[in-house]
Amino acid sequence: MTRHLDPGFTEADEAFRSELRAFIEAELDPAVRDAVGRGASVTKAQHQAWQRKLAAKGWLAPNWPKEYGGAGWNSVRRFIFDEETALMDTPRGNVPAIDLVGPLICTFGTEEQKARLLPGILSSEDWWCQGFSEPGAGSDLASLRTRGLRDGDDWIVTGTKLWTSHAQNANWMFALVRTSEHPKKQGGISYLVFPMDSPGVSVTPIITLGGVHAVNQVFLDEVRVPGANLIGAEGDAWRMTGYVLGLERLVGAGIGHSQRLLKHLRDVLKTGPLAEDRAFRDRVAALHTDVLALKYTAHRVLAAEMAGEPAGTVVSVLKLKGAAVQQDLAEAIMQAAGPVAAVSPRAEPLDLPADEDALLWAATTYLDRRKLSIYGGSSEIQRNIIARRILKI
């Protein structure tokens with residue numbers, strides 16, 4: 001059973017970890033790293049600049065096969081990459097393109113689609129958004145109502161997509177669209193991709209509690225999509241979605257992000273008003289234990305996978321607990337920072353020391369982390385999965 005506790009990091013894996021750290025230290029713009037570390041906004045141009053450096057190194061697309069420009073890494077190497085890039089405050093990049101639609105096209109796309117769509121992702125010229133959630137169809141994606149009707153070789157798509165991350169910066173969308181009726185609501189759904197400047201596409205911003213414009217509502221009013229932009233077989237999107245989301249089974253746990261927040265919490269505590277509060281320090285110790293438990297559970301999943309066994313339902317436990325741990329850490333940072341954390345960084349500039357100026361983003365981080373228990377499969381959905389498949393109730 002030892003192999004199920006140790007993911008088996010080899011000397012080559014640890015050498016890669018060291019190489020990755022050195023690369024980030026040398027290549028990442030310090031201003032960008034500082035912004036990510038504080039929870040401040042990073043521009044699309046800054047994201048693209050970092051992605052191009054990763055692409056030049058061959059590290060931009062971990063989940064893609066090498067023949068399509070990807071890294072071709074196994075799960076352990078990908079875990080190390082995700083952990084270290086989070087710990088070292090790198091921009092996460094265009095996740096819908098790199099982690100979702102890219103592998104989708106590599107696996108299910110035609111050769112023409114691969115040649116047409118993949119190069120723009122690797123060059124960072126094309127920025128993608130994901131059209132999944134809708135009003136009334138968030139975690140329950142099978143209830144989506146956006147429809148695509150045949151018109152010759154094309155599809156005419158009408159509907160609304162909600163909580164669409166960074167649609168304001170995207171020039172392509174990949175969307176789940178109901179293209180036919182089916183006895184099961186999971187059936188009859190297809191993957192269609194189209195440019196965001198297509199006639200009939202409009203984007204309305206949604207400003208979150210933290211004052212951040214990261215999500216949007218996208219209206220699709222009789223958008224004409226060429227038949228050549230259907231990915232995979234018509235009506236097969238549900239199976240394909242399961243495949244793609246399976247590639248991200250450990251990312252949702254946010255191991256690296258939790259470790260980074262824990263480090264930030266300790267730094268804040270050193271000079272904050274609760275530095276000598278024993279009860280609060282006990283809370284920090286408990287959060288440290290939670291982070292370690294999360295990390296070692298992820299190691300068990302990796303070990304099982306490298307032994308050829310499926311990850312199983314434990315990934316729902318990781319998603320559920322990972323979201324809760326990050327939210328608890330963000331709340332603790334707010335408390336440790338004291339009154340300074342209540343000041344918005346978007347208010348009038350304040351003459352504060354650098355260490356206190358960084359605390360101005362504590363509230364933004366806290367409010368932003370509330371979304372973790374909703375997106376990527378809500379906590380309620382994860383609990384239902386755990387209840388049915390693990391607890392058998």
# chains A, B, ... in the order shown; residues from 1 in each chain; ligands from 1
call {"tool": "residues_around", "arguments": {"residues": "Pro119 of chain A", "least_positions_apart": "5", "cutoff": "12 Å", "atoms": "only C-alpha atoms", "output": "MDAnalysis selection string"}}
result
chainID A and resid 55 61 68:70 97:98 102 105:106 112:114 124:127
call {"tool": "residues_around", "arguments": {"residues": "Arg77 of chain A", "least_positions_apart": "6", "cutoff": "12 Å", "atoms": "only C-alpha atoms", "output": "ChimeraX atom specification"}}
result
/A:7-17,20,59,62-63,71,83-84,302,306
call {"tool": "residues_around", "arguments": {"residues": "Pro205 of chain A", "least_positions_apart": "6", "cutoff": "8 Å", "atoms": "only C-alpha atoms", "output": "PyMOL selection string"}}
result
chain A and resi 168+213+215-217
call {"tool": "atom_distance", "arguments": {"atom1": "atom CA of Ile207 of chain A", "atom2": "atom CA of Trp361 of chain A"}}
result
16.1 Å
call {"tool": "atom_distance", "arguments": {"atom1": "atom CA of Arg266 of chain A", "atom2": "atom CA of His47 of chain A"}}
result
28.0 Å
